[in-house]
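Asks: Mind looking over this structure? Questions follow.
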Amino acid sequence: MAERRVRVRFAPSPTGPLHIGGVRTALYNYLFAKQNNGDMILRIEDTDSSRFVPGAEAYIKEALEWLGIKFSEGVGYGGNYGPYRQSERRDIYRKYVDQLLESGHAYIAFDTPAQLEEKRKEIANFQYDAQTRGQMTNSLTLSKEEVDERIARGDVYVVRAKIEPGEEIVVHDLIRGDVTINSTILDDKVLYKSADNLPTYHLANIVDDHLMEVSHVIRGEEWLPSAPLHVLLYRFFGWEDTMPQFAHLSLLLKPEGSGKLSKRDGDRLGFPVFPLEWHDPATGAISSGYREAGYEPEAVVNFLALLGWNPGDDSEVMTMDELCQKFSLSRCAKSGARFDYEKGKWFNHTYLQEKSNEELAVKFAEVVKAKGYEADMKKLVAMVDAVKGRCTFATEIWANAAFYFETPTTYNEKDRQKRWKETTPDILAAAREMFANMSDELFGNAAEAEPFVSQWCADNNYKMGDVMNPLRLALVGEMKGPHMFQITTILGKAETLLRIDNAIAAMRS
RNA sequence: GGUGCUAUCGUCUAGCGGUCUAGGACGCUGGCCUCUCACGCCGGAAACCAGGGUUCGAGUCCCUGUAGCACUACCA
């Protein structure tokens, strides 16, 4: 059993965009699979036809592909255990439902949803279980003839698990250790619905995990309470010896307030909760995504990996490969992790700085073009180099470099009052002459221009600040930006002189 | 209400009985760098939920309480 090939699955239900917590679950499954040279399966759990959302499946695949979480098997990835979409596995499940019915571990129930609701109103904390099923309409209380007759005439029914009370069920969890639950508190869960001939999650999940030879079930903590039922089902089927090992991951909590992170928190608190932007096909509503917000996929992965897991040392910035090597279920936290968006931004800043200027410049070129400007690649690379240190997202490069393209027409009023003094026009005029007289070679070389200008200031008894600050305001329009000569060399001499002239004119007007 | 899980700086966490006057990271903050804004670098403030045990010794083990979270559907 210990020799079993590692096979894990990520099994979302296509009811909408993939939530960031789901992404983390997928990531942990992937890291675990890859570390053990195992298989990573994508299974689509679409047994609730009423909640199906078109586009959700494609979204899930696109999102995980963007993040570099790869499947080796499953919907759209091939494999020998298909089909991998549960709605396409109806016939398979029926057989196992019958097996449970025959062995007496399940029974047929005719109670309608309306009747159940009434019952719940009638009896506080009503639960369909060993104590109450004797008063309900099912194959345990009806004669065989009546059951057959009802089925024959087309009454809709469900198949329920028959849970015997009074038994301690132990779920061995790789993260939490042994969790013991008494079967008395479990209810007779619906396993199958005749209305659509589809199983519910519980049955489909067990049958598929068994048939697909899944070795480890790594899923969210919300499944822990139903894990005993799952253990029972493996037992009912006689599959206990190949039952997967369970690992229930702690939940991602809201950054503030209480409760788990939900789909609605994102735009309310000003950060995305989805990997990709999502356009709701029904309402047309748009939810923001990490990709569109400008995140690097590596940063999202790194950030998510550390939310509920740590490598045991002080490593913080890790590539996917490093994460694969270091990951371990036993180091997963048991308690829920509050989602810390600020740290996510820090990760992105870190990853952005590690990107080459050339790579960023290629993307930046598109932005520049879209804004209606042009620049050769050499200049774009220089701009990126000058500006990226102050960017958290690649998308911020434009805002920080726009001054290269847009000649200032106004000057920040506060800076103007502070930096432009009475003597400034004369100083700038002198600086203009100095620049004008510089050879093109010297002007274009930041490393040489700096000491030259510095010397010029000294020779003329100017303080560096009295020259540089007004000059910056003249060239940029505000007191921000890269080092002076990373501005002038890219701007070029003509544009530099023009901007100085404009500023002098503005000051004298 | 019931059942289960969890509980260290504001946040993510390290800690698996002595090495803890509790370590790292984000954030916050002081300083340095500096022509600006940033980046970067150096420093600082900041936590063991409470009460009982066990033990020579408890953040670490046990119990109780408290709090948070999850589940409690013919949803997953």
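Going through the structure tokens in order, the chains are called A, B, and so on, while each chain numbers its residues from 1 and the ligands are numbered from 1 in the order shown.
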Pull the closest atom pair for each residue of chain A that gets at most 7 Å from chain B, along with the distance in Å to one decimal, counting only C-alpha atoms (C1' of nucleotides), ordering rows by chain and then ascending residue number, as JSON lines.
Replies:
```
{"residue": "A:Ser13", "atom": "CA", "partner": "B:A76", "partner_atom": "C1'", "distance": 6.4}
{"residue": "A:Pro113", "atom": "CA", "partner": "B:C74", "partner_atom": "C1'", "distance": 7.0}
{"residue": "A:Val158", "atom": "CA", "partner": "B:C74", "partner_atom": "C1'", "distance": 6.6}
{"residue": "A:Ile185", "atom": "CA", "partner": "B:U3", "partner_atom": "C1'", "distance": 6.8}
{"residue": "A:Val190", "atom": "CA", "partner": "B:C74", "partner_atom": "C1'", "distance": 6.5}
{"residue": "A:Lys193", "atom": "CA", "partner": "B:C74", "partner_atom": "C1'", "distance": 6.1}
{"residue": "A:Tyr201", "atom": "CA", "partner": "B:A76", "partner_atom": "C1'", "distance": 6.4}
{"residue": "A:Glu221", "atom": "CA", "partner": "B:A70", "partner_atom": "C1'", "distance": 6.9}
{"residue": "A:Glu222", "atom": "CA", "partner": "B:A70", "partner_atom": "C1'", "distance": 5.4}
{"residue": "A:Pro225", "atom": "CA", "partner": "B:C71", "partner_atom": "C1'", "distance": 5.5}
{"residue": "A:Gly259", "atom": "CA", "partner": "B:C69", "partner_atom": "C1'", "distance": 6.8}
{"residue": "A:Leu307", "atom": "CA", "partner": "B:C12", "partner_atom": "C1'", "distance": 6.4}
{"residue": "A:Gly312", "atom": "CA", "partner": "B:A14", "partner_atom": "C1'", "distance": 6.9}
{"residue": "A:Asp314", "atom": "CA", "partner": "B:G24", "partner_atom": "C1'", "distance": 5.7}
{"residue": "A:Lys334", "atom": "CA", "partner": "B:U6", "partner_atom": "C1'", "distance": 6.6}
{"residue": "A:Ser335", "atom": "CA", "partner": "B:U6", "partner_atom": "C1'", "distance": 5.1}
{"residue": "A:Asp340", "atom": "CA", "partner": "B:U11", "partner_atom": "C1'", "distance": 6.2}
{"residue": "A:Glu342", "atom": "CA", "partner": "B:C26", "partner_atom": "C1'", "distance": 6.7}
{"residue": "A:Lys343", "atom": "CA", "partner": "B:C26", "partner_atom": "C1'", "distance": 4.8}
{"residue": "A:Gly389", "atom": "CA", "partner": "B:C39", "partner_atom": "C1'", "distance": 5.3}
{"residue": "A:Arg390", "atom": "CA", "partner": "B:A38", "partner_atom": "C1'", "distance": 4.9}
{"residue": "A:Met464", "atom": "CA", "partner": "B:C35", "partner_atom": "C1'", "distance": 6.5}
{"residue": "A:Gly465", "atom": "CA", "partner": "B:C35", "partner_atom": "C1'", "distance": 5.3}
{"residue": "A:Met468", "atom": "CA", "partner": "B:C35", "partner_atom": "C1'", "distance": 4.6}
{"residue": "A:Asn469", "atom": "CA", "partner": "B:C35", "partner_atom": "C1'", "distance": 5.5}
{"residue": "A:Met479", "atom": "CA", "partner": "B:U36", "partner_atom": "C1'", "distance": 4.6}
{"residue": "A:Lys480", "atom": "CA", "partner": "B:C37", "partner_atom": "C1'", "distance": 4.3}
{"residue": "A:Gly481", "atom": "CA", "partner": "B:C37", "partner_atom": "C1'", "distance": 5.9}
```
Asks: Could you write those residues out with C-alpha atoms, as a tab-separated table (two decimals), in the first residue's frame?
Replies:
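Contents of selection.tsv, freshly written:
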```tsv
chain	number	residue	atom	x	y	z
A	13	SER	CA	-17.36	21.90	-9.78
A	113	PRO	CA	-38.09	18.10	-0.73
A	158	VAL	CA	-33.30	9.28	-3.84
A	185	ILE	CA	-24.46	12.16	14.59
A	190	VAL	CA	-28.45	11.30	-0.19
A	193	LYS	CA	-31.08	11.20	-7.26
A	201	TYR	CA	-20.82	14.48	-4.45
A	221	GLU	CA	-11.25	21.66	5.50
A	222	GLU	CA	-14.91	22.11	4.70
A	225	PRO	CA	-17.11	16.73	8.57
A	259	GLY	CA	-15.44	34.02	8.10
A	307	LEU	CA	-0.55	30.78	3.04
A	312	GLY	CA	10.50	25.00	7.88
A	314	ASP	CA	13.35	31.11	6.46
A	334	LYS	CA	-3.95	23.35	10.92
A	335	SER	CA	-5.43	26.76	11.53
A	340	ASP	CA	-2.98	39.13	3.51
A	342	GLU	CA	-0.29	43.38	1.24
A	343	LYS	CA	2.08	40.47	1.33
A	389	GLY	CA	12.32	49.70	-8.98
A	390	ARG	CA	9.44	51.90	-7.98
A	464	MET	CA	23.72	70.67	-6.73
A	465	GLY	CA	20.21	70.89	-5.32
A	468	MET	CA	18.96	69.52	-10.02
A	469	ASN	CA	15.67	70.13	-8.24
A	479	MET	CA	9.47	66.05	-7.98
A	480	LYS	CA	9.56	62.40	-8.86
A	481	GLY	CA	11.35	60.00	-11.08
```
Asks: Based on the backbone DSSP call, show me all residues of segment 31-117 of chain A assigned strand (DSSP E or B), as an MDAnalysis selection string.
Replies: chainID A and resid 39:42 44 73:74 78 85 106:109
Asks: Give me the residues near Arg338 of chain A as an mmCIF file with N, CA and C atoms (P, O5', C5', C4', C3', O3' and C1' of nucleotides), in the first residue's frame, where near means some atom within 10 Å (using only C-alpha atoms (C1' of nucleotides)) and where sequence neighbours in that chain fewer than 4 positions away do not count.
Replies:
```cif
data_model
loop_
_atom_site.group_PDB
_atom_site.id
_atom_site.type_symbol
_atom_site.label_atom_id
_atom_site.label_comp_id
_atom_site.auth_asym_id
_atom_site.auth_seq_id
_atom_site.Cartn_x
_atom_site.Cartn_y
_atom_site.Cartn_z
ATOM 1 N N LEU A 251 -8.597 26.595 5.935
ATOM 2 C CA LEU A 251 -9.254 27.522 5.016
ATOM 3 C C LEU A 251 -8.565 28.880 4.934
ATOM 4 N N LEU A 252 -8.834 29.580 3.862
ATOM 5 C CA LEU A 252 -8.380 30.956 3.712
ATOM 6 C C LEU A 252 -9.477 31.863 4.267
ATOM 7 N N LEU A 253 -9.085 32.723 5.190
ATOM 8 C CA LEU A 253 -10.048 33.601 5.860
ATOM 9 C C LEU A 253 -10.018 35.006 5.278
ATOM 10 N N LYS A 254 -11.097 35.741 5.511
ATOM 11 C CA LYS A 254 -11.175 37.135 5.076
ATOM 12 C C LYS A 254 -10.036 37.941 5.711
ATOM 13 N N PRO A 255 -9.510 38.948 4.992
ATOM 14 C CA PRO A 255 -8.443 39.785 5.554
ATOM 15 C C PRO A 255 -8.923 40.529 6.794
ATOM 16 N N GLU A 256 -10.181 40.858 6.820
ATOM 17 C CA GLU A 256 -10.722 41.531 8.007
ATOM 18 C C GLU A 256 -12.116 40.973 8.253
ATOM 19 N N GLY A 257 -12.612 41.203 9.465
ATOM 20 C CA GLY A 257 -13.917 40.650 9.779
ATOM 21 C C GLY A 257 -13.793 39.163 10.023
ATOM 22 N N SER A 258 -14.895 38.459 9.918
ATOM 23 C CA SER A 258 -14.839 37.040 10.233
ATOM 24 C C SER A 258 -15.374 36.191 9.096
ATOM 25 N N GLY A 259 -14.959 34.965 9.096
ATOM 26 C CA GLY A 259 -15.444 34.019 8.101
ATOM 27 C C GLY A 259 -14.404 33.700 7.056
ATOM 28 N N LYS A 260 -14.727 32.702 6.248
ATOM 29 C CA LYS A 260 -13.771 32.333 5.221
ATOM 30 C C LYS A 260 -13.882 33.284 4.046
ATOM 31 N N LEU A 261 -12.800 33.391 3.343
ATOM 32 C CA LEU A 261 -12.738 34.266 2.177
ATOM 33 C C LEU A 261 -13.810 33.832 1.189
ATOM 34 N N LEU A 307 0.647 30.514 2.252
ATOM 35 C CA LEU A 307 -0.554 30.780 3.038
ATOM 36 C C LEU A 307 -1.065 29.435 3.569
ATOM 37 N N GLY A 308 -0.533 29.026 4.703
ATOM 38 C CA GLY A 308 -0.972 27.755 5.259
ATOM 39 C C GLY A 308 0.077 26.667 5.157
ATOM 40 P P U B 11 -3.628 39.310 14.023
ATOM 41 O "O5'" U B 11 -3.102 39.288 12.531
ATOM 42 C "C5'" U B 11 -3.995 39.479 11.427
ATOM 43 C "C4'" U B 11 -3.262 39.222 10.137
ATOM 44 C "C3'" U B 11 -2.523 37.896 10.086
ATOM 45 O "O3'" U B 11 -3.366 36.817 9.749
ATOM 46 C "C1'" U B 11 -1.071 39.607 9.380
ATOM 47 P P C B 12 -2.990 35.354 10.253
ATOM 48 O "O5'" C B 12 -1.791 34.975 9.270
ATOM 49 C "C5'" C B 12 -2.025 34.858 7.862
ATOM 50 C "C4'" C B 12 -0.748 34.420 7.194
ATOM 51 C "C3'" C B 12 -0.088 33.211 7.847
ATOM 52 O "O3'" C B 12 -0.708 32.011 7.420
ATOM 53 C "C1'" C B 12 1.539 34.872 7.471
#
```
Asks: Find the residues around G15 of chain B up to 10 Å (only C-alpha atoms (C1' of nucleotides) counted), leave out those fewer than 3 positions away in its own chain, and share them as an MDAnalysis selection string.
Replies: chainID B and resid 8 20 22:23 59:60
Asks: Could you pull the residues within 12 Å of Lys463 of chain A, counting only C-alpha atoms (C1' of nucleotides), minus those fewer than 5 positions along the same chain, as a list in words?
Replies: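 Near Lys463 of chain A, the qualifying residues are Thr424, Ile427, Val453, Ser454, Gln455, Trp456, Cys457, Ala458, Met468, Asn469 and Pro470 of chain A; C35 of chain B.
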Asks: May I have the residues from that selection written out with C-alpha atoms (C1' of nucleotides), as a PDB file, in the first residue's frame?
Replies:
```
ATOM      1  CA  THR A 424      16.106  79.702 -10.625  1.00  0.00           C
ATOM      2  CA  ILE A 427      20.367  79.046 -13.110  1.00  0.00           C
ATOM      3  CA  VAL A 453      27.651  68.519 -14.342  1.00  0.00           C
ATOM      4  CA  SER A 454      28.731  68.176 -10.768  1.00  0.00           C
ATOM      5  CA  GLN A 455      31.983  69.887 -11.617  1.00  0.00           C
ATOM      6  CA  TRP A 456      30.152  72.553 -13.568  1.00  0.00           C
ATOM      7  CA  CYS A 457      28.042  73.299 -10.490  1.00  0.00           C
ATOM      8  CA  ALA A 458      31.142  73.609  -8.348  1.00  0.00           C
ATOM      9  CA  MET A 468      18.965  69.522 -10.018  1.00  0.00           C
ATOM     10  CA  ASN A 469      15.674  70.131  -8.241  1.00  0.00           C
ATOM     11  CA  PRO A 470      14.335  72.831 -10.539  1.00  0.00           C
TER      12      PRO A 470
ATOM     13  C1'   C B  35      19.135  66.043  -7.031  1.00  0.00           C
TER      14        C B  35
END
```
Asks: Extract, using only C-alpha atoms (C1' of nucleotides), all DNA, RNA and protein residues at most 6 Å from segment 202-213 of chain A, discarding same-chain residues fewer than 3 positions from it, and format them as an MDAnalysis selection string.
Replies: chainID A and resid 81 191 199
Asks: Convert the current residue selection to file output with N, CA and C atoms, as a compact mmCIF listing (two decimals), in the first residue's frame.
Replies:
```txt
# COMPACT_ATOMS: atom_id res chain seq x y z
N TYR A 81 -8.40 6.67 -17.42
CA TYR A 81 -9.41 6.43 -16.40
C TYR A 81 -10.69 7.22 -16.67
N LEU A 191 -27.26 9.84 -1.69
CA LEU A 191 -26.14 9.43 -2.53
C LEU A 191 -26.47 9.53 -4.02
N PRO A 199 -25.41 10.86 -9.22
CA PRO A 199 -25.10 10.73 -7.80
C PRO A 199 -24.86 12.10 -7.20
```
Asks: One number please: atom CA of Arg150 of chain A to atom CA of Asp111 of chain A, in Å, one decimal.
Replies: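 Rounded to one decimal, the two atoms are 11.8 Å apart.
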Asks: DSSP on the backbone: what in segment 157-352 of chain A comes out alpha helix (DSSP H), as a compact mmCIF listing (two decimals) with N, CA and C atoms, in the first residue's frame?
Replies:
```txt
# COMPACT_ATOMS: atom_id res chain seq x y z
N TYR A 201 -22.27 14.40 -4.62
CA TYR A 201 -20.82 14.48 -4.45
C TYR A 201 -20.24 13.26 -3.74
N HIS A 202 -20.88 12.90 -2.64
CA HIS A 202 -20.30 11.87 -1.78
C HIS A 202 -20.07 10.55 -2.51
N LEU A 203 -21.09 10.11 -3.21
CA LEU A 203 -20.98 8.83 -3.91
C LEU A 203 -20.01 8.92 -5.09
N ALA A 204 -20.21 9.96 -5.88
CA ALA A 204 -19.40 10.12 -7.09
C ALA A 204 -17.92 10.21 -6.73
N ASN A 205 -17.68 10.96 -5.69
CA ASN A 205 -16.34 11.19 -5.23
C ASN A 205 -15.63 9.89 -4.83
N ILE A 206 -16.33 9.06 -4.09
CA ILE A 206 -15.72 7.80 -3.64
C ILE A 206 -15.52 6.84 -4.80
N VAL A 207 -16.56 6.71 -5.61
CA VAL A 207 -16.46 5.80 -6.76
C VAL A 207 -15.34 6.23 -7.70
N ASP A 208 -15.29 7.53 -7.99
CA ASP A 208 -14.28 8.00 -8.92
C ASP A 208 -12.87 7.90 -8.35
N ASP A 209 -12.72 8.29 -7.12
CA ASP A 209 -11.39 8.21 -6.52
C ASP A 209 -10.90 6.76 -6.52
N HIS A 210 -11.82 5.85 -6.28
CA HIS A 210 -11.44 4.43 -6.27
C HIS A 210 -11.09 3.96 -7.68
N LEU A 211 -12.00 4.24 -8.62
CA LEU A 211 -11.78 3.79 -9.98
C LEU A 211 -10.55 4.45 -10.62
N ALA A 227 -15.95 13.54 5.88
CA ALA A 227 -14.95 12.49 5.68
C ALA A 227 -15.34 11.15 6.32
N PRO A 228 -15.96 11.16 7.52
CA PRO A 228 -16.37 9.87 8.10
C PRO A 228 -17.35 9.12 7.19
N LEU A 229 -18.25 9.86 6.59
CA LEU A 229 -19.17 9.23 5.65
C LEU A 229 -18.39 8.57 4.51
N HIS A 230 -17.38 9.29 4.05
CA HIS A 230 -16.59 8.75 2.95
C HIS A 230 -15.85 7.48 3.36
N VAL A 231 -15.34 7.50 4.58
CA VAL A 231 -14.67 6.30 5.09
C VAL A 231 -15.65 5.13 5.13
N LEU A 232 -16.85 5.43 5.59
CA LEU A 232 -17.89 4.41 5.66
C LEU A 232 -18.21 3.85 4.27
N LEU A 233 -18.28 4.73 3.30
CA LEU A 233 -18.60 4.28 1.94
C LEU A 233 -17.50 3.36 1.40
N TYR A 234 -16.26 3.71 1.67
CA TYR A 234 -15.17 2.82 1.23
C TYR A 234 -15.35 1.45 1.87
N ARG A 235 -15.78 1.48 3.12
CA ARG A 235 -15.99 0.23 3.83
C ARG A 235 -17.16 -0.55 3.22
N PHE A 236 -18.24 0.14 2.94
CA PHE A 236 -19.42 -0.50 2.35
C PHE A 236 -19.06 -1.19 1.04
N PHE A 237 -18.20 -0.56 0.29
CA PHE A 237 -17.83 -1.11 -1.01
C PHE A 237 -16.74 -2.19 -0.90
N ASP A 265 -15.92 38.98 -1.35
CA ASP A 265 -15.01 39.85 -0.61
C ASP A 265 -14.12 40.69 -1.50
N GLY A 266 -13.71 40.06 -2.61
CA GLY A 266 -12.73 40.67 -3.46
C GLY A 266 -12.98 42.11 -3.77
N ASP A 267 -14.02 42.36 -4.52
CA ASP A 267 -14.19 43.71 -5.00
C ASP A 267 -14.66 44.64 -3.89
N ARG A 268 -15.19 44.03 -2.84
CA ARG A 268 -15.60 44.83 -1.68
C ARG A 268 -14.37 45.39 -0.96
N LEU A 269 -13.34 44.57 -0.84
CA LEU A 269 -12.16 44.99 -0.10
C LEU A 269 -11.04 45.48 -1.01
N PRO A 297 2.38 35.46 -12.53
CA PRO A 297 1.87 34.18 -12.02
C PRO A 297 2.79 33.56 -10.96
N GLU A 298 4.09 33.73 -11.12
CA GLU A 298 5.03 33.16 -10.14
C GLU A 298 4.81 33.76 -8.76
N ALA A 299 4.47 35.04 -8.74
CA ALA A 299 4.26 35.71 -7.45
C ALA A 299 3.00 35.19 -6.78
N VAL A 300 1.97 34.98 -7.56
CA VAL A 300 0.71 34.47 -7.01
C VAL A 300 0.94 33.08 -6.44
N VAL A 301 1.65 32.27 -7.17
CA VAL A 301 1.94 30.90 -6.73
C VAL A 301 2.74 30.92 -5.42
N ASN A 302 3.77 31.72 -5.40
CA ASN A 302 4.64 31.79 -4.22
C ASN A 302 3.86 32.28 -2.99
N PHE A 303 3.09 33.30 -3.20
CA PHE A 303 2.28 33.89 -2.14
C PHE A 303 1.29 32.87 -1.59
N LEU A 304 0.60 32.21 -2.49
CA LEU A 304 -0.42 31.24 -2.10
C LEU A 304 0.20 30.04 -1.39
N ALA A 305 1.37 29.64 -1.87
CA ALA A 305 2.01 28.46 -1.29
C ALA A 305 2.30 28.69 0.19
N MET A 320 8.64 27.59 -8.47
CA MET A 320 7.76 26.42 -8.45
C MET A 320 8.57 25.15 -8.18
N ASP A 321 9.75 25.06 -8.79
CA ASP A 321 10.57 23.88 -8.59
C ASP A 321 11.02 23.74 -7.14
N GLU A 322 11.40 24.86 -6.55
CA GLU A 322 11.80 24.82 -5.15
C GLU A 322 10.63 24.44 -4.25
N LEU A 323 9.48 24.97 -4.59
CA LEU A 323 8.29 24.64 -3.80
C LEU A 323 8.00 23.14 -3.89
N CYS A 324 8.15 22.61 -5.09
CA CYS A 324 7.92 21.17 -5.28
C CYS A 324 8.85 20.36 -4.38
N GLN A 325 10.09 20.78 -4.34
CA GLN A 325 11.06 20.04 -3.54
C GLN A 325 10.77 20.13 -2.05
N LYS A 326 10.38 21.32 -1.62
CA LYS A 326 10.26 21.55 -0.18
C LYS A 326 8.89 21.21 0.39
N TYR A 341 -3.40 40.56 1.66
CA TYR A 341 -3.18 41.07 0.32
C TYR A 341 -1.88 41.88 0.20
N GLU A 342 -1.51 42.57 1.26
CA GLU A 342 -0.29 43.38 1.24
C GLU A 342 0.94 42.52 0.96
N LYS A 343 0.93 41.34 1.54
CA LYS A 343 2.08 40.47 1.33
C LYS A 343 2.12 39.97 -0.11
N GLY A 344 0.95 39.79 -0.67
CA GLY A 344 0.88 39.40 -2.07
C GLY A 344 1.52 40.46 -2.96
N LYS A 345 1.29 41.70 -2.61
CA LYS A 345 1.88 42.79 -3.40
C LYS A 345 3.39 42.79 -3.25
N TRP A 346 3.84 42.50 -2.05
CA TRP A 346 5.29 42.46 -1.82
C TRP A 346 5.94 41.36 -2.67
N PHE A 347 5.28 40.22 -2.73
CA PHE A 347 5.80 39.15 -3.57
C PHE A 347 5.88 39.60 -5.02
N ASN A 348 4.85 40.30 -5.45
CA ASN A 348 4.87 40.70 -6.85
C ASN A 348 5.98 41.70 -7.13
N HIS A 349 6.17 42.60 -6.20
CA HIS A 349 7.26 43.57 -6.34
C HIS A 349 8.60 42.83 -6.46
N THR A 350 8.76 41.86 -5.60
CA THR A 350 10.00 41.08 -5.60
C THR A 350 10.22 40.37 -6.93
N TYR A 351 9.17 39.73 -7.41
CA TYR A 351 9.30 39.01 -8.68
C TYR A 351 9.49 39.96 -9.86
N LEU A 352 8.85 41.11 -9.79
CA LEU A 352 8.98 42.07 -10.88
C LEU A 352 10.42 42.55 -10.99
```
Asks: Find the residues around segment 488-503 of chain A up to 9 Å (only C-alpha atoms (C1' of nucleotides) counted), leave out those fewer than 2 positions away in its own chain, and share them as an MDAnalysis selection string.
Replies: chainID A and resid 379:380 382:383 404:405 407:409 411 425 428:429 431:433 435:436 440 443:446 470:471 473:476 484:486 505:508
Asks: Write out, as a compact mmCIF listing (two decimals), in the first residue's frame, the residues just selected, with N, CA and C atoms.
Replies:
```
# COMPACT_ATOMS: atom_id res chain seq x y z
N LYS A 379 15.71 52.29 -26.08
CA LYS A 379 15.20 53.31 -25.16
C LYS A 379 14.18 52.73 -24.19
N LEU A 380 13.36 51.84 -24.71
CA LEU A 380 12.34 51.23 -23.84
C LEU A 380 13.00 50.44 -22.70
N ALA A 382 15.90 51.04 -21.48
CA ALA A 382 16.48 52.02 -20.56
C ALA A 382 15.41 52.61 -19.64
N MET A 383 14.25 52.86 -20.21
CA MET A 383 13.15 53.41 -19.39
C MET A 383 12.73 52.42 -18.32
N TYR A 404 8.48 60.48 -20.04
CA TYR A 404 9.45 60.38 -21.13
C TYR A 404 8.79 60.75 -22.46
N PHE A 405 7.50 60.46 -22.55
CA PHE A 405 6.78 60.67 -23.81
C PHE A 405 5.99 61.97 -23.83
N THR A 407 5.66 65.72 -22.86
CA THR A 407 6.30 66.95 -22.42
C THR A 407 5.40 67.65 -21.41
N PRO A 408 5.94 67.98 -20.23
CA PRO A 408 5.09 68.61 -19.21
C PRO A 408 4.48 69.91 -19.71
N THR A 409 3.21 70.09 -19.42
CA THR A 409 2.56 71.35 -19.77
C THR A 409 2.21 72.12 -18.52
N TYR A 411 3.13 72.25 -14.09
CA TYR A 411 4.11 71.85 -13.08
C TYR A 411 3.44 71.81 -11.72
N PRO A 425 15.36 80.86 -12.67
CA PRO A 425 15.38 81.02 -14.13
C PRO A 425 16.79 81.25 -14.67
N LEU A 428 18.72 77.95 -14.47
CA LEU A 428 18.28 77.03 -15.52
C LEU A 428 18.78 77.47 -16.89
N ALA A 429 18.76 78.75 -17.08
CA ALA A 429 19.26 79.26 -18.36
C ALA A 429 20.73 78.92 -18.54
N ALA A 431 22.24 76.42 -17.07
CA ALA A 431 22.32 74.96 -17.24
C ALA A 431 21.97 74.60 -18.67
N ARG A 432 21.01 75.31 -19.20
CA ARG A 432 20.62 75.06 -20.60
C ARG A 432 21.81 75.25 -21.52
N GLU A 433 22.54 76.32 -21.29
CA GLU A 433 23.71 76.59 -22.12
C GLU A 433 24.74 75.48 -21.98
N PHE A 435 24.24 72.39 -21.15
CA PHE A 435 23.78 71.18 -21.85
C PHE A 435 23.94 71.35 -23.35
N ALA A 436 23.57 72.52 -23.82
CA ALA A 436 23.61 72.77 -25.26
C ALA A 436 25.03 72.62 -25.80
N ASP A 440 27.44 65.48 -28.00
CA ASP A 440 26.37 64.48 -27.97
C ASP A 440 26.82 63.23 -27.23
N PHE A 443 26.67 63.97 -23.51
CA PHE A 443 25.28 64.13 -23.09
C PHE A 443 24.59 62.77 -22.99
N GLY A 444 24.95 61.90 -23.89
CA GLY A 444 24.27 60.61 -23.93
C GLY A 444 24.85 59.58 -22.96
N ASN A 445 25.86 59.97 -22.23
CA ASN A 445 26.49 59.01 -21.32
C ASN A 445 26.29 59.44 -19.87
N ALA A 446 25.36 58.77 -19.20
CA ALA A 446 24.99 59.17 -17.84
C ALA A 446 26.16 59.11 -16.88
N PRO A 470 15.17 72.14 -9.55
CA PRO A 470 14.34 72.83 -10.54
C PRO A 470 14.38 72.14 -11.90
N LEU A 471 15.53 71.58 -12.18
CA LEU A 471 15.67 70.90 -13.46
C LEU A 471 14.72 69.70 -13.54
N LEU A 473 11.96 69.34 -11.95
CA LEU A 473 10.59 69.83 -12.10
C LEU A 473 10.34 70.24 -13.54
N ALA A 474 11.35 70.81 -14.16
CA ALA A 474 11.21 71.23 -15.55
C ALA A 474 11.04 70.04 -16.48
N LEU A 475 11.78 68.99 -16.21
CA LEU A 475 11.78 67.85 -17.13
C LEU A 475 10.64 66.87 -16.88
N VAL A 476 10.26 66.71 -15.61
CA VAL A 476 9.25 65.71 -15.26
C VAL A 476 7.88 66.33 -14.97
N MET A 484 18.63 61.88 -12.46
CA MET A 484 18.57 62.92 -13.48
C MET A 484 19.11 62.47 -14.84
N PHE A 485 20.23 61.78 -14.80
CA PHE A 485 20.84 61.47 -16.10
C PHE A 485 20.22 60.23 -16.75
N GLN A 486 19.41 59.52 -15.96
CA GLN A 486 18.58 58.48 -16.58
C GLN A 486 17.38 59.13 -17.25
N ALA A 505 10.08 79.72 -19.43
CA ALA A 505 8.97 80.54 -19.88
C ALA A 505 7.84 80.54 -18.86
N ALA A 506 7.57 79.36 -18.31
CA ALA A 506 6.48 79.23 -17.33
C ALA A 506 6.80 80.04 -16.08
N MET A 507 8.07 80.03 -15.70
CA MET A 507 8.46 80.75 -14.49
C MET A 507 8.38 82.25 -14.69
N ARG A 508 8.70 82.68 -15.89
CA ARG A 508 8.74 84.12 -16.12
C ARG A 508 7.36 84.69 -16.45
```
Asks: Nearest to Leu198 of chain A among A:Ser315, A:Ser87, A:Thr392, A:Gln417, with distances taken over only C-alpha atoms: which residue is it?
Replies: A:Ser87
Asks: With distances taken over only C-alpha atoms (C1' of nucleotides), which of B:G43, B:G30, B:C61, B:U66 is nearest to C16 of chain B?
Replies: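 Closest to C16 of chain B, using only C-alpha atoms (C1' of nucleotides): B:C61.
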